Amino acid sequence: MSLTLQDANTMVGAAIAKAEELNILISVAVVDAGGRLAAFNRMDGAIFAGVYGSQGKAIGSVAFGRNSGLMQERAGAAIVTGIRAAEGDHMIMSQGGVVLLRDGVAAGACGVGGGTGEEDEICAQAGVDAVS
């Protein structure tokens, strides 16, 4: 089952709600199975770097079908470096991107930037949980 606009917007809303609970300011990006942006929001006052971080984490997560933080150790491996280069070097292998699996297939991902890696992951997971 593919990612819908309603799913993407629900994920963004849930991630922001979690950020508000944690008292942090984030940017949140949701991408489809092809790594293309489906929905995005930046909280008032959130750092601008989170705009790029959130999207890169989401792209990295969906590209490899697993949370981006799990790829952190392999980020410098030749195969990962080659894939990143071929894709356009938009992937960020750092905690904060959570894959949305449907029937065992990556349907999209939620990426968050602006907090610590752990905070970003918590918010992204809240986004995915809202539609799982």
# chains A, B, ... in the order shown; residues from 1 in each chain; ligands from 1
$ residues_around --residues "region 6-10 of chain A" --least-positions-apart "5" --cutoff "7 Å" --atoms "only C-alpha atoms" --output "list in words"
Val30, Ala38, Ala39, Ala130 and Val131 of chain A
$ write_last_selection --atoms "N, CA and C atoms" --output "PDB file, in the first residue's frame"
ATOM      1  N   VAL A  30       8.383  14.061   5.306  1.00  0.00           N
ATOM      2  CA  VAL A  30       7.882  12.729   4.969  1.00  0.00           C
ATOM      3  C   VAL A  30       8.125  12.531   3.484  1.00  0.00           C
ATOM      4  N   ALA A  38       6.802  14.279   0.293  1.00  0.00           N
ATOM      5  CA  ALA A  38       5.337  14.216   0.266  1.00  0.00           C
ATOM      6  C   ALA A  38       4.722  15.271   1.178  1.00  0.00           C
ATOM      7  N   ALA A  39       5.409  15.577   2.283  1.00  0.00           N
ATOM      8  CA  ALA A  39       4.918  16.600   3.212  1.00  0.00           C
ATOM      9  C   ALA A  39       6.100  17.113   4.025  1.00  0.00           C
ATOM     10  N   ALA A 130       1.763   6.921  14.024  1.00  0.00           N
ATOM     11  CA  ALA A 130       0.432   7.509  13.820  1.00  0.00           C
ATOM     12  C   ALA A 130      -0.297   6.907  12.622  1.00  0.00           C
ATOM     13  N   VAL A 131       0.436   6.291  11.698  1.00  0.00           N
ATOM     14  CA  VAL A 131      -0.208   5.700  10.518  1.00  0.00           C
ATOM     15  C   VAL A 131       0.016   4.195  10.408  1.00  0.00           C
TER      16      VAL A 131
END
$ select_by_dssp --residues "region 70-123 of chain A" --states "strand (DSSP E or B)" --output "PDB file with C-alpha atoms, in the first residue's frame"
ATOM      1  CA  GLY A  97      14.802   8.917  10.077  1.00  0.00           C
ATOM      2  CA  VAL A  98      12.211   6.160  10.561  1.00  0.00           C
ATOM      3  CA  VAL A  99      10.990   3.941   7.731  1.00  0.00           C
ATOM      4  CA  LEU A 100       7.289   3.219   7.225  1.00  0.00           C
ATOM      5  CA  LEU A 101       6.916  -0.449   6.301  1.00  0.00           C
ATOM      6  CA  ARG A 102       3.721  -1.762   4.769  1.00  0.00           C
ATOM      7  CA  VAL A 105       8.023  -3.010   1.947  1.00  0.00           C
ATOM      8  CA  ALA A 106       9.259   0.552   2.508  1.00  0.00           C
ATOM      9  CA  ALA A 107       6.278   2.776   1.650  1.00  0.00           C
ATOM     10  CA  GLY A 108       7.912   5.976   2.882  1.00  0.00           C
ATOM     11  CA  ALA A 109       9.759   7.488   5.802  1.00  0.00           C
ATOM     12  CA  CYS A 110       9.577  10.266   8.351  1.00  0.00           C
ATOM     13  CA  GLY A 111      12.703  12.316   9.022  1.00  0.00           C
ATOM     14  CA  VAL A 112      13.211  14.855  11.789  1.00  0.00           C
ATOM     15  CA  GLY A 113      15.950  17.412  12.399  1.00  0.00           C
TER      16      GLY A 113
END
$ atom_distance --atom1 "CA of Asp120 (chain A)" --atom2 "CA of Ala15 (chain A)"
8.9 Å
$ closest_residue --among "A:Thr116, A:Asn41, A:Gln72, A:Ser54" --to "His90 (chain A)" --atoms "only C-alpha atoms"
A:Ser54
$ select_by_dssp --residues "region 5-58 of chain A" --states "alpha helix (DSSP H)" --output "list in words"
Leu5, Gln6, Asp7, Ala8, Asn9, Thr10, Met11, Val12, Gly13, Ala14, Ala15, Ile16, Ala17, Lys18, Ala19, Glu20, Glu21, Leu22, Ala49, Gly50, Val51, Tyr52, Gly53, Ser54, Gln55, Gly56, Lys57 and Ala58 of chain A
$ write_last_selection --atoms "N, CA and C atoms" --output "PDB file, in the first residue's frame"
ATOM      1  N   LEU A   5      -1.281  11.343   0.776  1.00  0.00           N
ATOM      2  CA  LEU A   5      -1.074  12.686   1.314  1.00  0.00           C
ATOM      3  C   LEU A   5      -1.624  12.769   2.733  1.00  0.00           C
ATOM      4  N   GLN A   6      -2.761  12.135   2.961  1.00  0.00           N
ATOM      5  CA  GLN A   6      -3.338  12.131   4.311  1.00  0.00           C
ATOM      6  C   GLN A   6      -2.378  11.458   5.299  1.00  0.00           C
ATOM      7  N   ASP A   7      -1.786  10.328   4.898  1.00  0.00           N
ATOM      8  CA  ASP A   7      -0.790   9.661   5.742  1.00  0.00           C
ATOM      9  C   ASP A   7       0.363  10.610   6.054  1.00  0.00           C
ATOM     10  N   ALA A   8       0.890  11.242   5.014  1.00  0.00           N
ATOM     11  CA  ALA A   8       2.045  12.124   5.176  1.00  0.00           C
ATOM     12  C   ALA A   8       1.737  13.275   6.118  1.00  0.00           C
ATOM     13  N   ASN A   9       0.572  13.889   5.948  1.00  0.00           N
ATOM     14  CA  ASN A   9       0.197  14.996   6.829  1.00  0.00           C
ATOM     15  C   ASN A   9      -0.040  14.532   8.261  1.00  0.00           C
ATOM     16  N   THR A  10      -0.595  13.340   8.425  1.00  0.00           N
ATOM     17  CA  THR A  10      -0.785  12.773   9.769  1.00  0.00           C
ATOM     18  C   THR A  10       0.561  12.549  10.437  1.00  0.00           C
ATOM     19  N   MET A  11       1.527  12.041   9.684  1.00  0.00           N
ATOM     20  CA  MET A  11       2.865  11.804  10.221  1.00  0.00           C
ATOM     21  C   MET A  11       3.518  13.106  10.665  1.00  0.00           C
ATOM     22  N   VAL A  12       3.407  14.141   9.847  1.00  0.00           N
ATOM     23  CA  VAL A  12       3.975  15.446  10.198  1.00  0.00           C
ATOM     24  C   VAL A  12       3.339  15.966  11.484  1.00  0.00           C
ATOM     25  N   GLY A  13       2.028  15.897  11.565  1.00  0.00           N
ATOM     26  CA  GLY A  13       1.329  16.386  12.753  1.00  0.00           C
ATOM     27  C   GLY A  13       1.719  15.647  14.019  1.00  0.00           C
ATOM     28  N   ALA A  14       1.859  14.334  13.918  1.00  0.00           N
ATOM     29  CA  ALA A  14       2.225  13.531  15.091  1.00  0.00           C
ATOM     30  C   ALA A  14       3.656  13.821  15.529  1.00  0.00           C
ATOM     31  N   ALA A  15       4.553  14.001  14.584  1.00  0.00           N
ATOM     32  CA  ALA A  15       5.943  14.325  14.928  1.00  0.00           C
ATOM     33  C   ALA A  15       6.031  15.681  15.618  1.00  0.00           C
ATOM     34  N   ILE A  16       5.292  16.653  15.120  1.00  0.00           N
ATOM     35  CA  ILE A  16       5.288  17.980  15.740  1.00  0.00           C
ATOM     36  C   ILE A  16       4.661  17.921  17.125  1.00  0.00           C
ATOM     37  N   ALA A  17       3.589  17.171  17.278  1.00  0.00           N
ATOM     38  CA  ALA A  17       2.968  17.032  18.599  1.00  0.00           C
ATOM     39  C   ALA A  17       3.958  16.442  19.601  1.00  0.00           C
ATOM     40  N   LYS A  18       4.739  15.455  19.173  1.00  0.00           N
ATOM     41  CA  LYS A  18       5.745  14.854  20.056  1.00  0.00           C
ATOM     42  C   LYS A  18       6.839  15.879  20.383  1.00  0.00           C
ATOM     43  N   ALA A  19       7.248  16.664  19.405  1.00  0.00           N
ATOM     44  CA  ALA A  19       8.254  17.706  19.646  1.00  0.00           C
ATOM     45  C   ALA A  19       7.757  18.718  20.674  1.00  0.00           C
ATOM     46  N   GLU A  20       6.482  19.063  20.577  1.00  0.00           N
ATOM     47  CA  GLU A  20       5.906  19.990  21.561  1.00  0.00           C
ATOM     48  C   GLU A  20       5.933  19.388  22.958  1.00  0.00           C
ATOM     49  N   GLU A  21       5.651  18.087  23.069  1.00  0.00           N
ATOM     50  CA  GLU A  21       5.737  17.392  24.363  1.00  0.00           C
ATOM     51  C   GLU A  21       7.155  17.441  24.917  1.00  0.00           C
ATOM     52  N   LEU A  22       8.134  17.289  24.020  1.00  0.00           N
ATOM     53  CA  LEU A  22       9.547  17.281  24.427  1.00  0.00           C
ATOM     54  C   LEU A  22      10.117  18.691  24.579  1.00  0.00           C
ATOM     55  N   ALA A  49      19.039  24.415   9.531  1.00  0.00           N
ATOM     56  CA  ALA A  49      19.747  23.196   9.151  1.00  0.00           C
ATOM     57  C   ALA A  49      18.845  21.971   9.240  1.00  0.00           C
ATOM     58  N   GLY A  50      17.858  22.013  10.122  1.00  0.00           N
ATOM     59  CA  GLY A  50      16.918  20.907  10.264  1.00  0.00           C
ATOM     60  C   GLY A  50      16.103  20.659   9.009  1.00  0.00           C
ATOM     61  N   VAL A  51      15.957  21.674   8.175  1.00  0.00           N
ATOM     62  CA  VAL A  51      15.239  21.524   6.911  1.00  0.00           C
ATOM     63  C   VAL A  51      15.939  20.460   6.060  1.00  0.00           C
ATOM     64  N   TYR A  52      17.260  20.551   5.985  1.00  0.00           N
ATOM     65  CA  TYR A  52      18.045  19.613   5.188  1.00  0.00           C
ATOM     66  C   TYR A  52      18.228  18.288   5.917  1.00  0.00           C
ATOM     67  N   GLY A  53      18.452  18.360   7.220  1.00  0.00           N
ATOM     68  CA  GLY A  53      18.643  17.147   8.009  1.00  0.00           C
ATOM     69  C   GLY A  53      17.433  16.241   7.976  1.00  0.00           C
ATOM     70  N   SER A  54      16.247  16.816   8.130  1.00  0.00           N
ATOM     71  CA  SER A  54      15.027  16.009   8.156  1.00  0.00           C
ATOM     72  C   SER A  54      14.805  15.296   6.829  1.00  0.00           C
ATOM     73  N   GLN A  55      15.013  15.996   5.738  1.00  0.00           N
ATOM     74  CA  GLN A  55      14.816  15.390   4.426  1.00  0.00           C
ATOM     75  C   GLN A  55      15.869  14.327   4.136  1.00  0.00           C
ATOM     76  N   GLY A  56      17.115  14.615   4.470  1.00  0.00           N
ATOM     77  CA  GLY A  56      18.187  13.660   4.231  1.00  0.00           C
ATOM     78  C   GLY A  56      18.030  12.381   5.025  1.00  0.00           C
ATOM     79  N   LYS A  57      17.574  12.502   6.265  1.00  0.00           N
ATOM     80  CA  LYS A  57      17.357  11.319   7.101  1.00  0.00           C
ATOM     81  C   LYS A  57      16.198  10.485   6.558  1.00  0.00           C
ATOM     82  N   ALA A  58      15.133  11.147   6.120  1.00  0.00           N
ATOM     83  CA  ALA A  58      13.994  10.421   5.559  1.00  0.00           C
ATOM     84  C   ALA A  58      14.398   9.689   4.278  1.00  0.00           C
TER      85      ALA A  58
END
$ atom_distance --atom1 "CA of Val31 (chain A)" --atom2 "CA of Gly45 (chain A)"
22.9 Å
$ closest_residue --among "A:Ala85, A:Ile24, A:Ile47, A:Ala33" --to "Phe64 (chain A)" --atoms "only C-alpha atoms"
A:Ala33
